[in-house]
Protein chains: 2
Amino acid sequence: MSDKKIYLEESEIPTHWYNVVADMPNPPYPVLAPDGSPITPDALGAIFPEALIMQEVSRERWVEIPDEVREIYKLWRPSPLIRATRLEAALGTPAKIYYKYEGVSPAGSHKPNTAVPQAYYNREAGIRRLTTETGAGQWGSSLALVGQMFGIEVKVYMVKVSYDQKPFRRSMMQTWGATVIASPSDQTEAGRKILAEDANSPGSLGIAISEAVEEAASRSDTNYALGSVLNHVLLHQTVIGLEAKQQFAKVGDYPDMIFAPCGGGSNFGGVAFPFLADKANGKEVRLVAVEPASCPTLTRGHFAYDFGDAIGMTPLMMMYTLGHEFVPPGIHAGGLRYHGDSPLVSQLYNEGLIEAITVPQLATFDAGIQFARSEGIIPAPESNHAIRAVIDEALRCKESGEPKTLFFNLSGHGHFDMGSYDAYLAGKLEDFDYPAEAIAAALHHLPKV
Amino acid sequence: MSDKKIYLEESEIPTHWYNVVADMPNPPYPVLAPDGSPITPDALGAIFPEALIMQEVSRERWVEIPDEVREIYKLWRPSPLIRATRLEAALGTPAKIYYKYEGVSPAGSHKPNTAVPQAYYNREAGIRRLTTETGAGQWGSSLALVGQMFGIEVKVYMVKVSYDQKPFRRSMMQTWGATVIASPSDQTEAGRKILAEDANSPGSLGIAISEAVEEAASRSDTNYALGSVLNHVLLHQTVIGLEAKQQFAKVGDYPDMIFAPCGGGSNFGGVAFPFLADKANGKEVRLVAVEPASCPTLTRGHFAYDFGDAIGMTPLMMMYTLGHEFVPPGIHAGGLRYHGDSPLVSQLYNEGLIEAITVPQLATFDAGIQFARSEGIIPAPESNHAIRAVIDEALRCKESGEPKTLFFNLSGHGHFDMGSYDAYLAGKLEDFDYPAEAIAAALHHLPKV
């Protein structure tokens with residue numbers, strides 16, 4: 001019988017990341033300062049090292065991966081490409097289903113792929129401390145994991161309600177040596193201001209970002225790190241798709257359709273961009289971003305300049321957005337609850353090079369459970385969005401008899417999300433109606449540029 | 001640079017399990033009925049299929065692994081052998097440290113290695129339901145994972161206090177389709193009896209075993225499955241050590257010392273027994289079972305006939321025991337809180353073929369955190385026992401300058417044990433004094449045979 005898992009040698013970990021900007025029909029829109037004026041490199045230099053700023057604006061097709069970064073990637077990479085034979089059999093589909101499993105990283109998701117180089121370039125620039133924010137903790141734990149390895153102190157502002165209610169991701173960060181602070185805190189002006197208004201504030205991702213950025217901007221030994229949205233983050237994540245292409249070549253197959261959940265875009269961009277290069281060379285491959293029905297940024301948002309955060313502190317990016325004031329319903333795929341999207345993913349969608357669809361929450365958990373019962377792995381709620389879309393497509397193939405090759409990114413395991421499975425199995429989860437009014441209101445407050 | 005992870009092809013998954021009985025200097029002691037009389041095959045046949053009973057008493061060196069079992073092993077096997085280069089560097093030791101990582105299974109530990117064949121042989125025997133007990137949930141989740149794959153309904157009696165306090169392992173079992181019942185329950189005579197005495201009983205592993213065995217014995221379509229201790233369970237786990245031997249051969253190395261935590265013995269037996277075969281052929285290799293200082297079965301117990309459970313319902317086994325009435329202190333490595341030990345491990349220890357040491361709780365967490373900060377993976381508290389012993393030996397090598405090759409089994413990840421890391425980091429864990437009085441009292445009540 002053929003192999004279930006397709007591995008690469010460690011020597012086959014890509015030597016370069018792929019920069020999709022080189023193959024885009026049009027150059028990216030510039031990032032603007034919060035007031036709409038052109039942004040200065042100095043403004044970014046206060047919180048990012050120069051190497052990352054250069055990657056952010058690079059148009060070179062290939063960016064070399066430093067040896068030390070590849071050496072740490074070896075702790076879990078290359079990640080396996082797995083043929084979902086048991087899921088195929090359970091569905092009775094003629095489609096072939098493959099998934100790349102990024103849950104093998106110590107932090108349990110694809111996020112360390114960018115945490116490693118971000119810590120590396122910061123250390124090279126003489127930075128000894130990094131701040132960041134985290135909600136449920138996927139990104140914070142990834143940065144905590146790698147900070148230790150580069151002798152960088154990591155301070156994570158964790159949204160207070162998660163800090164109190166989800167202590168295990170916090171313990172994970174502390175086990176790796178990070179300092180975790182409940183946000184809002186009394187350690188920053190932004191935090192103190194919020195606490196003065198409401199001493200019991202549960203916090204929000206927007207507030208936590210403000211605190212982390214404020215601390216980084218005010219200390220010369222400290223920078224800030226972000227886990228998605230930005231060009232350099234998506235660049236680092238292309239290691240996923242580049243490995244997958246080699247793995248497909250090993251078994252002489254190639255995907256007809258690729259699916260990934262899409263929140264800030266690093267999961268989707270990481271797996272899809274390297275295949276987009278083939279598409280630019282005439283290859284047929286459909287790239288499908290899967291969004292939650294309750295936070296349909298690409299599918300229902302506007303393509304416009306907007307703030308990356310909820311408060312309006314960050315630079316303005318040209319992207320699909322539901323309005324920075326929009327607060328998505330409390331779905332359990334926290335990583336997909338973002339009002340905006342990666343500018344690169346947004347532009348590619350706007351130019352018709354990629355597709356986007358939405359799936360409702362309950363159907364994603366149903367798909368995740370079907371996957372767990374056939375393939376064993378319990379997926380993260382974010383990943384369940386891609387699984388829902390793949391199962392739906394595989395069932396269409398069953399009807400039409402088409403033996404399509406379907407591929408998705410299983411971005412992480414659900415070991416720290418069993419509370420949401422518990423709620424689903426107990427019938428306590430719900431689908432949310434399309435939040436039409438809230439989105440309309442938020443879109444009304446897009447910044448005028 | 002050399003590879004960090006040593007993989008095998010799926011075709012290299014062993015075709016046979018290794019039965020250490022064939023290489024033991026003396027045959028195993030017979031199992032006796034609870035009253036001390038020879039046990040009849042019928043008594044075991046009420047709860048185990050014939051194929052497993054035959055494996056339990058087999059003296060054949062090799063037992064073939066069914067193709068269907070190997071096919072399911074491929075979901076995560078072969079597991080990687082990993083060189084702990086970053087830990088070696090952190091310790092500054094000339095020793096080489098390798099670990100086999102069993103946390104790659106969907107259930108997160110080595111337990112599915114035996115859950116798969118147990119479910120297989122039961123299905124082959126026409127059994128459609130399996131009962132078992134679980135404490136923190138490692139074993140229950142492993143059986144839940146595989147039951148689904150063989151069309152077997154799995155019912156897990158979960159100790160009530162864990163059922164209430166650790167809902168995530170329960171959700172995991174339910175996600176895989178198992179029925180999970182808080183024990184004591186009103187579904188068995190044993191459970192009803194306990195509830196009549198104390199309606200708020202928190203339950204215990206002993207009570208849960210009684211409930212699971214009672215249900216299996218009283219229904220012809222239902223059998224019982226156990227996750228450690230018994231000979232056939234250790235037989236199945238030898239897939240770990242057999243793979244490791246192939247992996248060491250690939251890199252031209254061989255361990256001087258092998259470490260594994262030892263509770264019921266399946267972790268230690270699984271990794272160590274295949275190397276014991278080499279030892280029987282004159283090879284130098286030291287096999288070290290690592291016990292918690294508060295539950296020192298091999299190191300401080302008696303080698304005697306005793307019950308496997310706390311109540312005295314099971315057959316009598318010749319093993320090292322602290323007395324079946326001994327209740328180990330509440331250390332966080334729940335899988336090592338067992339009064340007895342595998343009869344095979346016990347006999348080999350009694351004959352001087354293996355060694356045993358103890359380590360105190362706080363030192364194991366300290367070792368686990370040092371491991372996580374260098375190698376990334378956060379280990380299960382049970383695995384931390386082996387890591388403590390390996391780090392101590394590596395530091396001795398640093399003093400002596402000996403470049404020993406050390407190998408341990410990293411039996412599982414700690415994703416469902418972050419509560420114990422949290423308690424440790426908050427300074428809330430303690431070391432327990434050797435429970436001399438409780439053990440002396442329990443040893444006083446060993447059954448007279």
# chains A, B, ... in the order shown; residues from 1 in each chain; ligands from 1
>>> residues_around(residues="region 233-245 of chain A", least_positions_apart="2", cutoff="7 Å", atoms="only C-alpha atoms", output="ChimeraX atom specification")
/A:13-14,17-19,78,81,113-114,227-231,247-249,266,269-274
>>> write_last_selection(atoms="N, CA, C and O atoms", output="mmCIF file, in the first residue's frame")
data_model
loop_
_atom_site.group_PDB
_atom_site.id
_atom_site.type_symbol
_atom_site.label_atom_id
_atom_site.label_comp_id
_atom_site.auth_asym_id
_atom_site.auth_seq_id
_atom_site.Cartn_x
_atom_site.Cartn_y
_atom_site.Cartn_z
ATOM 1 N N ILE A 13 14.100 21.259 3.467
ATOM 2 C CA ILE A 13 13.435 22.484 3.945
ATOM 3 C C ILE A 13 13.862 23.610 3.000
ATOM 4 O O ILE A 13 15.046 23.744 2.680
ATOM 5 N N PRO A 14 12.900 24.380 2.508
ATOM 6 C CA PRO A 14 13.254 25.421 1.527
ATOM 7 C C PRO A 14 14.396 26.319 2.019
ATOM 8 O O PRO A 14 14.511 26.603 3.210
ATOM 9 N N TRP A 17 12.262 31.851 1.079
ATOM 10 C CA TRP A 17 10.821 32.100 1.089
ATOM 11 C C TRP A 17 10.423 32.684 -0.262
ATOM 12 O O TRP A 17 11.241 33.325 -0.951
ATOM 13 N N TYR A 18 9.154 32.498 -0.608
ATOM 14 C CA TYR A 18 8.647 33.009 -1.887
ATOM 15 C C TYR A 18 7.859 34.297 -1.669
ATOM 16 O O TYR A 18 6.945 34.340 -0.843
ATOM 17 N N ASN A 19 8.210 35.312 -2.406
ATOM 18 C CA ASN A 19 7.545 36.613 -2.292
ATOM 19 C C ASN A 19 6.565 36.797 -3.447
ATOM 20 O O ASN A 19 6.965 37.053 -4.581
ATOM 21 N N PRO A 78 10.598 19.423 7.972
ATOM 22 C CA PRO A 78 9.413 19.648 7.155
ATOM 23 C C PRO A 78 8.196 18.992 7.803
ATOM 24 O O PRO A 78 8.309 17.898 8.334
ATOM 25 N N LEU A 81 2.978 16.026 4.597
ATOM 26 C CA LEU A 81 1.781 16.112 3.753
ATOM 27 C C LEU A 81 1.110 14.750 3.904
ATOM 28 O O LEU A 81 1.773 13.715 3.754
ATOM 29 N N ASN A 113 6.339 29.445 12.291
ATOM 30 C CA ASN A 113 7.080 29.650 11.039
ATOM 31 C C ASN A 113 7.541 31.096 10.870
ATOM 32 O O ASN A 113 8.580 31.360 10.274
ATOM 33 N N THR A 114 6.751 32.018 11.388
ATOM 34 C CA THR A 114 7.154 33.431 11.314
ATOM 35 C C THR A 114 7.746 33.928 12.634
ATOM 36 O O THR A 114 8.566 34.848 12.635
ATOM 37 N N GLY A 227 1.638 38.564 14.403
ATOM 38 C CA GLY A 227 1.546 37.173 13.945
ATOM 39 C C GLY A 227 0.832 36.952 12.633
ATOM 40 O O GLY A 227 0.749 35.813 12.164
ATOM 41 N N SER A 228 0.282 38.014 12.009
ATOM 42 C CA SER A 228 -0.413 37.811 10.736
ATOM 43 C C SER A 228 -0.467 39.135 9.972
ATOM 44 O O SER A 228 0.251 40.078 10.311
ATOM 45 N N VAL A 229 -1.269 39.210 8.958
ATOM 46 C CA VAL A 229 -1.635 40.408 8.185
ATOM 47 C C VAL A 229 -0.490 40.978 7.344
ATOM 48 O O VAL A 229 -0.646 41.190 6.128
ATOM 49 N N LEU A 230 0.665 41.247 7.966
ATOM 50 C CA LEU A 230 1.730 41.966 7.264
ATOM 51 C C LEU A 230 2.414 41.098 6.208
ATOM 52 O O LEU A 230 2.451 39.874 6.287
ATOM 53 N N ASN A 231 3.008 41.792 5.206
ATOM 54 C CA ASN A 231 3.638 41.094 4.080
ATOM 55 C C ASN A 231 4.753 40.153 4.532
ATOM 56 O O ASN A 231 4.892 39.050 4.018
ATOM 57 N N GLN A 247 6.411 17.996 -1.981
ATOM 58 C CA GLN A 247 5.792 16.735 -1.563
ATOM 59 C C GLN A 247 4.838 16.208 -2.630
ATOM 60 O O GLN A 247 4.804 15.009 -2.910
ATOM 61 N N PHE A 248 4.077 17.117 -3.238
ATOM 62 C CA PHE A 248 3.205 16.682 -4.341
ATOM 63 C C PHE A 248 4.043 16.130 -5.497
ATOM 64 O O PHE A 248 3.675 15.128 -6.127
ATOM 65 N N ALA A 249 5.174 16.773 -5.759
ATOM 66 C CA ALA A 249 6.044 16.295 -6.848
ATOM 67 C C ALA A 249 6.535 14.874 -6.548
ATOM 68 O O ALA A 249 6.628 14.031 -7.456
ATOM 69 N N SER A 266 -2.400 34.794 7.093
ATOM 70 C CA SER A 266 -1.086 34.155 7.033
ATOM 71 C C SER A 266 -1.178 32.656 6.769
ATOM 72 O O SER A 266 -0.280 32.065 6.163
ATOM 73 N N GLY A 269 -2.234 32.595 2.896
ATOM 74 C CA GLY A 269 -1.105 33.050 2.072
ATOM 75 C C GLY A 269 0.044 32.064 2.101
ATOM 76 O O GLY A 269 0.669 31.783 1.069
ATOM 77 N N GLY A 270 0.303 31.512 3.285
ATOM 78 C CA GLY A 270 1.410 30.588 3.439
ATOM 79 C C GLY A 270 1.292 29.352 2.570
ATOM 80 O O GLY A 270 2.261 28.896 1.969
ATOM 81 N N VAL A 271 0.092 28.834 2.484
ATOM 82 C CA VAL A 271 -0.063 27.611 1.701
ATOM 83 C C VAL A 271 -0.346 27.913 0.230
ATOM 84 O O VAL A 271 0.099 27.194 -0.668
ATOM 85 N N ALA A 272 -1.055 29.016 -0.058
ATOM 86 C CA ALA A 272 -1.535 29.251 -1.432
ATOM 87 C C ALA A 272 -0.550 30.002 -2.320
ATOM 88 O O ALA A 272 -0.439 29.715 -3.518
ATOM 89 N N PHE A 273 0.183 30.977 -1.775
ATOM 90 C CA PHE A 273 1.016 31.835 -2.630
ATOM 91 C C PHE A 273 1.996 31.059 -3.515
ATOM 92 O O PHE A 273 2.126 31.374 -4.704
ATOM 93 N N PRO A 274 2.703 30.062 -2.981
ATOM 94 C CA PRO A 274 3.652 29.353 -3.855
ATOM 95 C C PRO A 274 2.971 28.672 -5.053
ATOM 96 O O PRO A 274 3.599 28.481 -6.097
#
>>> residues_around(residues="His385 (chain A)", least_positions_apart="6", cutoff="8 Å", atoms="only C-alpha atoms", output="PyMOL selection string")
chain A and resi 260-261+290-292+359+364
>>> interface_residues(of="chain B", to="chain A", cutoff="9 Å", atoms="only C-alpha atoms", output="PDB file with N, CA and C atoms, in the first residue's frame")
ATOM      1  N   MET B   1      24.801  20.038   8.189  1.00  0.00           N
ATOM      2  CA  MET B   1      24.593  19.544   9.556  1.00  0.00           C
ATOM      3  C   MET B   1      23.746  18.273   9.535  1.00  0.00           C
ATOM      4  N   SER B   2      23.923  17.453  10.512  1.00  0.00           N
ATOM      5  CA  SER B   2      23.204  16.177  10.523  1.00  0.00           C
ATOM      6  C   SER B   2      21.743  16.413  10.882  1.00  0.00           C
ATOM      7  N   ASP B   3      20.921  15.427  10.575  1.00  0.00           N
ATOM      8  CA  ASP B   3      19.495  15.579  10.807  1.00  0.00           C
ATOM      9  C   ASP B   3      19.165  15.562  12.300  1.00  0.00           C
ATOM     10  N   LYS B   4      18.198  16.377  12.623  1.00  0.00           N
ATOM     11  CA  LYS B   4      17.686  16.447  13.999  1.00  0.00           C
ATOM     12  C   LYS B   4      16.781  15.244  14.289  1.00  0.00           C
ATOM     13  N   LYS B   5      15.959  14.926  13.303  1.00  0.00           N
ATOM     14  CA  LYS B   5      14.962  13.869  13.484  1.00  0.00           C
ATOM     15  C   LYS B   5      15.304  12.682  12.592  1.00  0.00           C
ATOM     16  N   TYR B   7      13.837   9.571  10.868  1.00  0.00           N
ATOM     17  CA  TYR B   7      12.564   8.946  10.499  1.00  0.00           C
ATOM     18  C   TYR B   7      12.789   7.587   9.852  1.00  0.00           C
ATOM     19  N   GLU B   9      10.708   4.853   7.021  1.00  0.00           N
ATOM     20  CA  GLU B   9       9.604   4.779   6.071  1.00  0.00           C
ATOM     21  C   GLU B   9       8.441   4.033   6.724  1.00  0.00           C
ATOM     22  N   GLU B  10       7.246   4.277   6.217  1.00  0.00           N
ATOM     23  CA  GLU B  10       6.103   3.536   6.757  1.00  0.00           C
ATOM     24  C   GLU B  10       6.266   2.034   6.525  1.00  0.00           C
ATOM     25  N   SER B  11       6.965   1.669   5.464  1.00  0.00           N
ATOM     26  CA  SER B  11       7.192   0.234   5.191  1.00  0.00           C
ATOM     27  C   SER B  11       8.119  -0.390   6.232  1.00  0.00           C
ATOM     28  N   GLU B  71      -1.700  -0.736   9.249  1.00  0.00           N
ATOM     29  CA  GLU B  71      -2.282   0.329   8.426  1.00  0.00           C
ATOM     30  C   GLU B  71      -2.723   1.505   9.309  1.00  0.00           C
ATOM     31  N   LYS B  74       0.023   3.624  10.766  1.00  0.00           N
ATOM     32  CA  LYS B  74       0.575   4.615   9.821  1.00  0.00           C
ATOM     33  C   LYS B  74       0.002   6.017  10.003  1.00  0.00           C
ATOM     34  N   LEU B  75      -1.116   6.131  10.733  1.00  0.00           N
ATOM     35  CA  LEU B  75      -1.646   7.474  10.989  1.00  0.00           C
ATOM     36  C   LEU B  75      -0.602   8.324  11.705  1.00  0.00           C
ATOM     37  N   TRP B  76       0.269   7.701  12.507  1.00  0.00           N
ATOM     38  CA  TRP B  76       1.303   8.486  13.197  1.00  0.00           C
ATOM     39  C   TRP B  76       2.669   7.800  13.260  1.00  0.00           C
ATOM     40  N   ILE B  82      14.597  11.488  17.936  1.00  0.00           N
ATOM     41  CA  ILE B  82      15.096  12.860  17.825  1.00  0.00           C
ATOM     42  C   ILE B  82      16.364  13.027  18.649  1.00  0.00           C
ATOM     43  N   VAL B 104       3.297  12.102  19.061  1.00  0.00           N
ATOM     44  CA  VAL B 104       2.768  12.371  17.717  1.00  0.00           C
ATOM     45  C   VAL B 104       1.463  11.621  17.434  1.00  0.00           C
ATOM     46  N   SER B 105       1.082  10.676  18.289  1.00  0.00           N
ATOM     47  CA  SER B 105      -0.193   9.991  18.047  1.00  0.00           C
ATOM     48  C   SER B 105      -1.334  10.969  18.275  1.00  0.00           C
ATOM     49  N   PRO B 106      -2.489  10.754  17.604  1.00  0.00           N
ATOM     50  CA  PRO B 106      -3.598  11.702  17.789  1.00  0.00           C
ATOM     51  C   PRO B 106      -4.035  11.839  19.242  1.00  0.00           C
ATOM     52  N   ALA B 107      -3.886  10.786  20.036  1.00  0.00           N
ATOM     53  CA  ALA B 107      -4.261  10.882  21.450  1.00  0.00           C
ATOM     54  C   ALA B 107      -3.142  11.495  22.290  1.00  0.00           C
ATOM     55  N   LEU B 145     -10.307   6.818  20.505  1.00  0.00           N
ATOM     56  CA  LEU B 145      -9.764   7.110  19.169  1.00  0.00           C
ATOM     57  C   LEU B 145      -9.915   5.923  18.227  1.00  0.00           C
ATOM     58  N   VAL B 146      -9.573   4.723  18.701  1.00  0.00           N
ATOM     59  CA  VAL B 146      -9.524   3.577  17.795  1.00  0.00           C
ATOM     60  C   VAL B 146     -10.852   2.824  17.705  1.00  0.00           C
ATOM     61  N   GLN B 148     -13.846   3.833  17.193  1.00  0.00           N
ATOM     62  CA  GLN B 148     -14.480   4.364  15.995  1.00  0.00           C
ATOM     63  C   GLN B 148     -13.971   3.683  14.716  1.00  0.00           C
ATOM     64  N   MET B 149     -12.672   3.445  14.659  1.00  0.00           N
ATOM     65  CA  MET B 149     -12.054   2.933  13.440  1.00  0.00           C
ATOM     66  C   MET B 149     -12.383   1.463  13.186  1.00  0.00           C
ATOM     67  N   PRO B 167     -12.465  18.451  32.145  1.00  0.00           N
ATOM     68  CA  PRO B 167     -13.448  18.150  31.107  1.00  0.00           C
ATOM     69  C   PRO B 167     -12.836  17.959  29.711  1.00  0.00           C
ATOM     70  N   PHE B 168     -11.576  18.399  29.494  1.00  0.00           N
ATOM     71  CA  PHE B 168     -11.086  18.416  28.117  1.00  0.00           C
ATOM     72  C   PHE B 168     -10.755  17.035  27.577  1.00  0.00           C
ATOM     73  N   ARG B 169     -10.207  16.150  28.449  1.00  0.00           N
ATOM     74  CA  ARG B 169      -9.986  14.778  27.992  1.00  0.00           C
ATOM     75  C   ARG B 169     -11.326  14.092  27.718  1.00  0.00           C
ATOM     76  N   ARG B 170     -12.321  14.452  28.545  1.00  0.00           N
ATOM     77  CA  ARG B 170     -13.662  13.900  28.309  1.00  0.00           C
ATOM     78  C   ARG B 170     -14.193  14.358  26.955  1.00  0.00           C
ATOM     79  N   SER B 171     -14.050  15.669  26.662  1.00  0.00           N
ATOM     80  CA  SER B 171     -14.526  16.168  25.368  1.00  0.00           C
ATOM     81  C   SER B 171     -13.801  15.463  24.230  1.00  0.00           C
ATOM     82  N   MET B 172     -12.519  15.191  24.441  1.00  0.00           N
ATOM     83  CA  MET B 172     -11.725  14.503  23.423  1.00  0.00           C
ATOM     84  C   MET B 172     -12.329  13.117  23.131  1.00  0.00           C
ATOM     85  N   GLN B 174     -15.363  12.139  23.665  1.00  0.00           N
ATOM     86  CA  GLN B 174     -16.682  12.294  23.045  1.00  0.00           C
ATOM     87  C   GLN B 174     -16.548  12.724  21.589  1.00  0.00           C
ATOM     88  N   THR B 175     -15.540  13.549  21.306  1.00  0.00           N
ATOM     89  CA  THR B 175     -15.309  13.955  19.921  1.00  0.00           C
ATOM     90  C   THR B 175     -15.033  12.731  19.052  1.00  0.00           C
ATOM     91  N   TRP B 176     -14.329  11.762  19.625  1.00  0.00           N
ATOM     92  CA  TRP B 176     -14.056  10.524  18.881  1.00  0.00           C
ATOM     93  C   TRP B 176     -15.211   9.530  18.966  1.00  0.00           C
ATOM     94  N   GLY B 177     -16.303   9.926  19.627  1.00  0.00           N
ATOM     95  CA  GLY B 177     -17.511   9.099  19.574  1.00  0.00           C
ATOM     96  C   GLY B 177     -17.733   8.171  20.750  1.00  0.00           C
ATOM     97  N   ILE B 369      10.656  21.612  32.228  1.00  0.00           N
ATOM     98  CA  ILE B 369      10.713  22.996  31.760  1.00  0.00           C
ATOM     99  C   ILE B 369      12.044  23.263  31.061  1.00  0.00           C
ATOM    100  N   GLN B 370      13.119  22.716  31.593  1.00  0.00           N
ATOM    101  CA  GLN B 370      14.410  22.873  30.903  1.00  0.00           C
ATOM    102  C   GLN B 370      14.349  22.220  29.523  1.00  0.00           C
ATOM    103  N   ALA B 372      11.581  21.771  27.672  1.00  0.00           N
ATOM    104  CA  ALA B 372      10.698  22.572  26.815  1.00  0.00           C
ATOM    105  C   ALA B 372      11.413  23.814  26.288  1.00  0.00           C
ATOM    106  N   ARG B 373      12.260  24.400  27.116  1.00  0.00           N
ATOM    107  CA  ARG B 373      12.919  25.638  26.702  1.00  0.00           C
ATOM    108  C   ARG B 373      14.072  25.381  25.745  1.00  0.00           C
ATOM    109  N   SER B 374      14.545  24.146  25.645  1.00  0.00           N
ATOM    110  CA  SER B 374      15.598  23.869  24.675  1.00  0.00           C
ATOM    111  C   SER B 374      15.061  23.115  23.463  1.00  0.00           C
ATOM    112  N   GLU B 375      14.231  22.098  23.682  1.00  0.00           N
ATOM    113  CA  GLU B 375      13.762  21.275  22.568  1.00  0.00           C
ATOM    114  C   GLU B 375      12.377  21.683  22.050  1.00  0.00           C
ATOM    115  N   GLY B 376      11.680  22.562  22.783  1.00  0.00           N
ATOM    116  CA  GLY B 376      10.385  23.040  22.308  1.00  0.00           C
ATOM    117  C   GLY B 376       9.204  22.274  22.871  1.00  0.00           C
ATOM    118  N   ILE B 377       9.213  20.970  22.743  1.00  0.00           N
ATOM    119  CA  ILE B 377       8.080  20.148  23.179  1.00  0.00           C
ATOM    120  C   ILE B 377       7.872  20.255  24.697  1.00  0.00           C
ATOM    121  N   ILE B 378       6.625  20.457  25.108  1.00  0.00           N
ATOM    122  CA  ILE B 378       6.277  20.423  26.535  1.00  0.00           C
ATOM    123  C   ILE B 378       5.848  18.997  26.865  1.00  0.00           C
ATOM    124  N   HIS B 415      -0.006  18.702  26.734  1.00  0.00           N
ATOM    125  CA  HIS B 415      -1.041  19.691  26.397  1.00  0.00           C
ATOM    126  C   HIS B 415      -2.262  19.622  27.305  1.00  0.00           C
ATOM    127  N   PHE B 416      -2.510  18.448  27.872  1.00  0.00           N
ATOM    128  CA  PHE B 416      -3.666  18.318  28.755  1.00  0.00           C
ATOM    129  C   PHE B 416      -3.241  18.317  30.223  1.00  0.00           C
ATOM    130  N   ASP B 417      -2.004  18.712  30.456  1.00  0.00           N
ATOM    131  CA  ASP B 417      -1.467  18.739  31.818  1.00  0.00           C
ATOM    132  C   ASP B 417      -0.950  20.119  32.184  1.00  0.00           C
ATOM    133  N   MET B 418      -1.387  21.149  31.442  1.00  0.00           N
ATOM    134  CA  MET B 418      -0.849  22.478  31.708  1.00  0.00           C
ATOM    135  C   MET B 418      -1.266  22.970  33.089  1.00  0.00           C
ATOM    136  N   GLY B 419      -2.350  22.427  33.629  1.00  0.00           N
ATOM    137  CA  GLY B 419      -2.746  22.781  34.984  1.00  0.00           C
ATOM    138  C   GLY B 419      -1.646  22.439  35.991  1.00  0.00           C
ATOM    139  N   TYR B 421       1.640  22.231  35.250  1.00  0.00           N
ATOM    140  CA  TYR B 421       2.730  23.190  35.042  1.00  0.00           C
ATOM    141  C   TYR B 421       2.390  24.519  35.705  1.00  0.00           C
ATOM    142  N   ASP B 422       1.117  24.912  35.550  1.00  0.00           N
ATOM    143  CA  ASP B 422       0.657  26.155  36.157  1.00  0.00           C
ATOM    144  C   ASP B 422       0.887  26.119  37.670  1.00  0.00           C
ATOM    145  N   LEU B 425       4.677  26.324  38.388  1.00  0.00           N
ATOM    146  CA  LEU B 425       5.231  27.667  38.188  1.00  0.00           C
ATOM    147  C   LEU B 425       4.752  28.640  39.264  1.00  0.00           C
TER     148      LEU B 425
END
>>> residues_around(residues="Val285 (chain B)", least_positions_apart="3", cutoff="8 Å", atoms="only C-alpha atoms", output="PyMOL selection string")
chain B and resi 255-258+275-276+279
>>> write_last_selection(atoms="C-alpha atoms", output="short mmCIF file (atom, residue, chain, number, x, y, z; two decimals), in the first residue's frame")
data_model
loop_
_atom_site.label_atom_id
_atom_site.label_comp_id
_atom_site.auth_asym_id
_atom_site.auth_seq_id
_atom_site.Cartn_x
_atom_site.Cartn_y
_atom_site.Cartn_z
CA PRO B 255 22.41 3.60 23.54
CA ASP B 256 24.55 2.97 26.60
CA MET B 257 21.60 3.67 28.86
CA ILE B 258 17.83 3.72 28.28
CA PHE B 275 17.05 -3.83 23.72
CA LEU B 276 16.97 -6.50 26.42
CA LYS B 279 21.57 -7.72 26.23
#
>>> residues_around(residues="Ala46 (chain A)", least_positions_apart="3", cutoff="7 Å", atoms="only C-alpha atoms", output="number ranges by chain")
A: 42-43, 217
>>> write_last_selection(atoms="all heavy atoms", output="short mmCIF file (atom, residue, chain, number, x, y, z; two decimals), in the first residue's frame")
data_model
loop_
_atom_site.label_atom_id
_atom_site.label_comp_id
_atom_site.auth_asym_id
_atom_site.auth_seq_id
_atom_site.Cartn_x
_atom_site.Cartn_y
_atom_site.Cartn_z
N ASP A 42 11.19 55.61 9.37
CA ASP A 42 11.44 55.84 10.79
C ASP A 42 10.28 55.39 11.67
O ASP A 42 10.47 54.83 12.75
CB ASP A 42 11.67 57.34 11.06
CG ASP A 42 13.12 57.72 10.81
OD1 ASP A 42 13.86 56.83 10.30
OD2 ASP A 42 13.49 58.87 11.09
N ALA A 43 9.07 55.65 11.19
CA ALA A 43 7.90 55.30 11.98
C ALA A 43 7.86 53.80 12.23
O ALA A 43 7.54 53.34 13.33
CB ALA A 43 6.63 55.75 11.25
N ALA A 217 7.49 50.99 21.31
CA ALA A 217 7.88 52.29 20.74
C ALA A 217 8.65 53.14 21.75
O ALA A 217 9.45 54.00 21.38
CB ALA A 217 6.62 53.04 20.26
#
>>> atom_distance(atom1="CA of Thr297 (chain A)", atom2="CA of Asp309 (chain A)")
14.5 Å
>>> closest_residue(among="A:His16, A:His324, A:His110, A:His232", to="Ala380 (chain A)", atoms="only C-alpha atoms")
A:His110
>>> residues_around(residues="Ala441 (chain A)", least_positions_apart="3", cutoff="10 Å", atoms="only C-alpha atoms", output="MDAnalysis selection string")
chainID A and resid 322:323 325:326 436:438 444:446
>>> select_by_dssp(residues="region 69-189 of chain A", states="alpha helix (DSSP H)", output="ChimeraX atom specification")
/A:69-73,85-91,112-124,138-147,160-165,167-175,189
